[in-house]
file protein.csv (CSV, C-alpha atoms)
chain,number,residue,atom,x,y,z
A,1,MET,CA,16.5,-0.2,26.3
A,2,LYS,CA,17.0,-1.2,29.8
A,3,ASP,CA,19.4,1.6,30.5
A,4,PHE,CA,16.9,4.3,29.5
A,5,PHE,CA,14.9,4.2,32.7
A,6,SER,CA,17.0,2.3,35.1
A,7,LYS,CA,20.3,0.6,35.6
A,8,ASP,CA,18.9,-2.6,37.0
A,9,GLY,CA,17.2,-3.7,33.8
A,10,SER,CA,13.6,-3.2,34.7
A,11,SER,CA,11.0,-4.2,32.2
A,12,SER,CA,9.7,-0.8,31.4
A,13,ASP,CA,9.5,-1.6,27.7
A,14,VAL,CA,7.0,-4.4,28.4
A,15,ILE,CA,4.9,-2.2,30.7
A,16,ILE,CA,4.8,0.7,28.2
A,17,GLY,CA,4.1,-1.7,25.3
A,18,SER,CA,1.3,-3.4,27.2
A,19,LEU,CA,-0.3,0.0,28.2
A,20,ALA,CA,-0.1,1.1,24.6
A,21,ILE,CA,-1.9,-2.0,23.4
A,22,ALA,CA,-4.6,-1.7,26.2
A,23,CYS,CA,-5.2,2.0,25.2
A,24,ILE,CA,-5.7,1.3,21.5
A,25,VAL,CA,-7.9,-1.8,22.1
A,26,LEU,CA,-10.1,0.1,24.5
A,27,ALA,CA,-10.3,3.1,22.2
A,28,MET,CA,-11.6,0.8,19.4
A,29,MET,CA,-14.4,-0.7,21.5
A,30,PRO,CA,-17.9,0.2,20.1
A,31,PHE,CA,-19.3,1.1,23.5
A,32,MET,CA,-16.6,3.7,24.2
A,33,PRO,CA,-17.7,7.3,24.3
A,34,GLY,CA,-16.2,9.4,21.6
A,35,GLU,CA,-14.3,11.8,23.9
A,36,LEU,CA,-12.8,8.9,25.9
A,37,SER,CA,-11.9,7.1,22.7
A,38,MET,CA,-10.0,10.2,21.4
A,39,LEU,CA,-8.2,10.6,24.8
A,40,LEU,CA,-7.2,6.9,24.7
A,41,THR,CA,-6.0,7.3,21.1
A,42,GLY,CA,-3.9,10.3,22.2
A,43,ILE,CA,-2.4,8.3,25.1
A,44,PHE,CA,-1.7,5.5,22.7
A,45,VAL,CA,0.2,7.8,20.4
A,46,ALA,CA,2.3,9.1,23.3
A,47,LEU,CA,3.0,5.6,24.7
A,48,PHE,CA,3.9,4.2,21.2
A,49,ALA,CA,6.3,7.1,20.6
A,50,LEU,CA,8.0,6.3,24.0
A,51,PHE,CA,8.0,2.6,23.2
A,52,SER,CA,9.6,3.3,19.8
A,53,MET,CA,12.2,5.5,21.4
A,54,LEU,CA,13.1,2.7,23.8
A,55,ILE,CA,13.4,0.2,21.0
A,56,TRP,CA,15.5,2.5,18.9
A,57,ARG,CA,17.9,3.2,21.7
A,58,GLU,CA,18.3,-0.5,22.5
A,59,ARG,CA,21.9,-1.6,22.6
A,60,PRO,CA,22.9,-5.2,23.2
A,61,ARG,CA,25.7,-5.8,25.7
A,62,ASP,CA,27.0,-9.0,24.2
A,63,GLU,CA,26.5,-11.4,21.2
A,64,ARG,CA,23.7,-13.3,22.9
A,65,GLU,CA,21.6,-10.2,23.4
A,66,ALA,CA,22.4,-9.1,19.8
A,67,GLN,CA,21.0,-12.4,18.6
A,68,LEU,CA,17.9,-12.0,20.7
A,69,VAL,CA,17.3,-8.5,19.4
A,70,MET,CA,17.7,-9.7,15.8
A,71,ALA,CA,15.3,-12.6,16.4
A,72,SER,CA,12.7,-10.4,18.0
A,73,ASP,CA,13.0,-7.9,15.1
A,74,ARG,CA,12.6,-10.6,12.6
A,75,LEU,CA,9.6,-12.1,14.4
A,76,GLY,CA,8.0,-8.6,14.8
A,77,PHE,CA,8.4,-7.9,11.1
A,78,LEU,CA,7.0,-11.3,10.0
A,79,ALA,CA,4.0,-11.1,12.4
A,80,GLY,CA,3.2,-7.6,11.0
A,81,ALA,CA,3.7,-8.6,7.4
A,82,VAL,CA,1.5,-11.8,7.8
A,83,ALA,CA,-1.3,-9.9,9.5
A,84,LEU,CA,-1.3,-7.2,6.9
A,85,SER,CA,-1.1,-9.7,4.1
A,86,LEU,CA,-4.2,-11.6,5.5
A,87,ILE,CA,-6.1,-8.3,5.8
A,88,VAL,CA,-5.2,-7.4,2.2
A,89,VAL,CA,-6.2,-10.8,0.9
A,90,ILE,CA,-9.5,-10.9,2.9
A,91,GLN,CA,-10.4,-7.3,1.8
A,92,THR,CA,-9.6,-8.2,-1.9
A,93,LEU,CA,-11.8,-11.3,-1.7
A,94,ARG,CA,-14.6,-9.2,-0.3
A,95,HIS,CA,-14.0,-6.5,-2.9
A,96,GLN,CA,-13.6,-4.0,-0.2
A,97,SER,CA,-9.9,-3.3,-0.6
A,98,THR,CA,-8.3,0.0,0.5
A,99,LEU,CA,-4.9,1.2,-0.3
A,100,LEU,CA,-4.1,1.9,3.4
A,101,PHE,CA,-3.1,-1.7,4.3
A,102,VAL,CA,-1.3,-2.2,1.0
A,103,THR,CA,0.7,1.0,1.5
A,104,VAL,CA,1.7,-0.1,5.0
A,105,LEU,CA,2.8,-3.5,3.8
A,106,VAL,CA,4.8,-2.1,0.9
A,107,THR,CA,6.4,0.4,3.2
A,108,MET,CA,7.4,-2.4,5.6
A,109,ILE,CA,8.9,-4.5,2.8
A,110,ILE,CA,10.9,-1.5,1.3
A,111,ALA,CA,12.2,-0.6,4.8
A,112,LYS,CA,13.3,-4.1,5.4
A,113,LEU,CA,15.1,-4.3,2.1
A,114,VAL,CA,16.7,-0.9,2.6
A,115,GLY,CA,17.8,-1.8,6.1
A,116,LYS,CA,19.3,-5.0,4.9
A,117,TYR,CA,21.3,-3.7,2.0
A,118,ILE,CA,22.2,-0.2,3.1
A,119,HIS,CA,25.1,-1.4,5.4
A,120,LYS,CA,27.0,-3.1,2.6

call {"tool": "encode", "arguments": {"input": "protein.csv", "output": "structure tokens"}}
result
Amino acid sequence: MKDFFSKDGSSSDVIIGSLAIACIVLAMMPFMPGELSMLLTGIFVALFALFSMLIWRERPRDEREAQLVMASDRLGFLAGAVALSLIVVIQTLRHQSTLLFVTVLVTMIIAKLVGKYIHK
């Protein structure tokens, strides 16, 4: 990831990820005009695509970096799965459940299982 933009290991992934978060949070604010909200959503999509590309191209240089990458991947998956699970449970208890969050959660679990067992 660090080699994508610079050789010195700048933190471009942190900057791009933070900008993506800021764009989507601002776009969701109720006081935001519709046109600006759509623009921020479009910028979020572009930044998230760039962030995903940086993460996908990430190559650890040694065993320690490989362990850090695996730990951050595991933490990211668990945080997403816990958040989606809480949303699904709360929506179910309120009798307002939608299949969108369930579909995303099931997709995450299937992708995790496929990624774990495809290399055997």

call {"tool": "residues_around", "arguments": {"input": "protein.csv", "residues": "Lys112 of chain A", "least_positions_apart": "4", "cutoff": "12 Å", "atoms": "only C-alpha atoms", "output": "VMD selection string"}}
result
chain A and resid 73 to 74 76 to 78 81 105 to 108 116 to 118

call {"tool": "atom_distance", "arguments": {"input": "protein.csv", "atom1": "atom CA of Ala27 of chain A", "atom2": "atom CA of Ile43 of chain A"}}
result
9.9 Å

call {"tool": "closest_residue", "arguments": {"input": "protein.csv", "among": "A:Ile24, A:Met70, A:Leu19, A:Val14", "to": "Leu39 of chain A", "atoms": "all atoms listed in the file"}}
result
A:Ile24

call {"tool": "residues_around", "arguments": {"input": "protein.csv", "residues": "Leu26 of chain A", "least_positions_apart": "3", "cutoff": "10 Å", "atoms": "all atoms listed in the file", "output": "short mmCIF file (atom, residue, chain, number, x, y, z; two decimals) with C-alpha atoms, in the frame of the given file"}}
result
data_model
loop_
_atom_site.label_atom_id
_atom_site.label_comp_id
_atom_site.auth_asym_id
_atom_site.auth_seq_id
_atom_site.Cartn_x
_atom_site.Cartn_y
_atom_site.Cartn_z
CA ILE A 21 -1.90 -2.00 23.40
CA ALA A 22 -4.60 -1.70 26.20
CA CYS A 23 -5.20 2.00 25.20
CA MET A 29 -14.40 -0.70 21.50
CA PRO A 30 -17.90 0.20 20.10
CA PHE A 31 -19.30 1.10 23.50
CA MET A 32 -16.60 3.70 24.20
CA LEU A 36 -12.80 8.90 25.90
CA SER A 37 -11.90 7.10 22.70
CA LEU A 40 -7.20 6.90 24.70
CA THR A 41 -6.00 7.30 21.10
#

call {"tool": "atom_distance", "arguments": {"input": "protein.csv", "atom1": "atom CA of Leu84 of chain A", "atom2": "atom CA of Phe101 of chain A"}}
result
6.3 Å

call {"tool": "atom_distance", "arguments": {"input": "protein.csv", "atom1": "atom CA of Leu75 of chain A", "atom2": "atom CA of Gly17 of chain A"}}
result
16.0 Å

call {"tool": "closest_residue", "arguments": {"input": "protein.csv", "among": "A:Val25, A:Asp13, A:Val88, A:Ala79", "to": "Arg57 of chain A", "atoms": "only C-alpha atoms"}}
result
A:Asp13

call {"tool": "closest_residue", "arguments": {"input": "protein.csv", "among": "A:Val104, A:Arg59, A:Ser85, A:Phe51", "to": "Ser11 of chain A", "atoms": "only C-alpha atoms"}}
result
A:Phe51

call {"tool": "build_atoms", "arguments": {"input": "protein.csv", "residues": "segment 19-31 of chain A", "atoms": "N, CA, C and O atoms", "output": "PDB file, in the frame of the given file"}}
result
ATOM      1  N   LEU A  19       0.656  -1.144  28.021  1.00  0.00           N
ATOM      2  CA  LEU A  19      -0.300   0.000  28.200  1.00  0.00           C
ATOM      3  C   LEU A  19      -0.709   0.567  26.858  1.00  0.00           C
ATOM      4  O   LEU A  19      -1.878   0.939  26.690  1.00  0.00           O
ATOM      5  N   ALA A  20       0.206   0.643  25.895  1.00  0.00           N
ATOM      6  CA  ALA A  20      -0.100   1.100  24.600  1.00  0.00           C
ATOM      7  C   ALA A  20      -1.183   0.233  23.904  1.00  0.00           C
ATOM      8  O   ALA A  20      -2.174   0.712  23.332  1.00  0.00           O
ATOM      9  N   ILE A  21      -0.969  -1.064  24.007  1.00  0.00           N
ATOM     10  CA  ILE A  21      -1.900  -2.000  23.400  1.00  0.00           C
ATOM     11  C   ILE A  21      -3.292  -1.880  24.112  1.00  0.00           C
ATOM     12  O   ILE A  21      -4.323  -1.849  23.438  1.00  0.00           O
ATOM     13  N   ALA A  22      -3.288  -1.786  25.431  1.00  0.00           N
ATOM     14  CA  ALA A  22      -4.600  -1.700  26.200  1.00  0.00           C
ATOM     15  C   ALA A  22      -5.297  -0.384  25.750  1.00  0.00           C
ATOM     16  O   ALA A  22      -6.520  -0.414  25.554  1.00  0.00           O
ATOM     17  N   CYS A  23      -4.569   0.717  25.592  1.00  0.00           N
ATOM     18  CA  CYS A  23      -5.200   2.000  25.200  1.00  0.00           C
ATOM     19  C   CYS A  23      -5.866   1.885  23.834  1.00  0.00           C
ATOM     20  O   CYS A  23      -7.011   2.304  23.657  1.00  0.00           O
ATOM     21  N   ILE A  24      -5.165   1.335  22.865  1.00  0.00           N
ATOM     22  CA  ILE A  24      -5.700   1.300  21.500  1.00  0.00           C
ATOM     23  C   ILE A  24      -6.858   0.293  21.402  1.00  0.00           C
ATOM     24  O   ILE A  24      -7.838   0.527  20.692  1.00  0.00           O
ATOM     25  N   VAL A  25      -6.760  -0.811  22.135  1.00  0.00           N
ATOM     26  CA  VAL A  25      -7.900  -1.800  22.100  1.00  0.00           C
ATOM     27  C   VAL A  25      -9.104  -1.205  22.761  1.00  0.00           C
ATOM     28  O   VAL A  25     -10.213  -1.328  22.229  1.00  0.00           O
ATOM     29  N   LEU A  26      -8.934  -0.541  23.899  1.00  0.00           N
ATOM     30  CA  LEU A  26     -10.100   0.100  24.500  1.00  0.00           C
ATOM     31  C   LEU A  26     -10.671   1.210  23.689  1.00  0.00           C
ATOM     32  O   LEU A  26     -11.893   1.383  23.641  1.00  0.00           O
ATOM     33  N   ALA A  27      -9.815   1.976  23.019  1.00  0.00           N
ATOM     34  CA  ALA A  27     -10.300   3.100  22.200  1.00  0.00           C
ATOM     35  C   ALA A  27     -11.143   2.569  21.019  1.00  0.00           C
ATOM     36  O   ALA A  27     -12.021   3.280  20.537  1.00  0.00           O
ATOM     37  N   MET A  28     -10.906   1.345  20.578  1.00  0.00           N
ATOM     38  CA  MET A  28     -11.600   0.800  19.400  1.00  0.00           C
ATOM     39  C   MET A  28     -12.946   0.118  19.810  1.00  0.00           C
ATOM     40  O   MET A  28     -13.711  -0.273  18.940  1.00  0.00           O
ATOM     41  N   MET A  29     -13.215  -0.021  21.084  1.00  0.00           N
ATOM     42  CA  MET A  29     -14.400  -0.700  21.500  1.00  0.00           C
ATOM     43  C   MET A  29     -15.662   0.143  21.119  1.00  0.00           C
ATOM     44  O   MET A  29     -15.670   1.363  21.277  1.00  0.00           O
ATOM     45  N   PRO A  30     -16.692  -0.520  20.597  1.00  0.00           N
ATOM     46  CA  PRO A  30     -17.900   0.200  20.100  1.00  0.00           C
ATOM     47  C   PRO A  30     -18.635   0.945  21.209  1.00  0.00           C
ATOM     48  O   PRO A  30     -19.288   1.946  20.945  1.00  0.00           O
ATOM     49  N   PHE A  31     -18.571   0.474  22.444  1.00  0.00           N
ATOM     50  CA  PHE A  31     -19.300   1.100  23.500  1.00  0.00           C
ATOM     51  C   PHE A  31     -18.581   2.310  24.133  1.00  0.00           C
ATOM     52  O   PHE A  31     -19.117   2.999  24.985  1.00  0.00           O
TER      53      PHE A  31
END
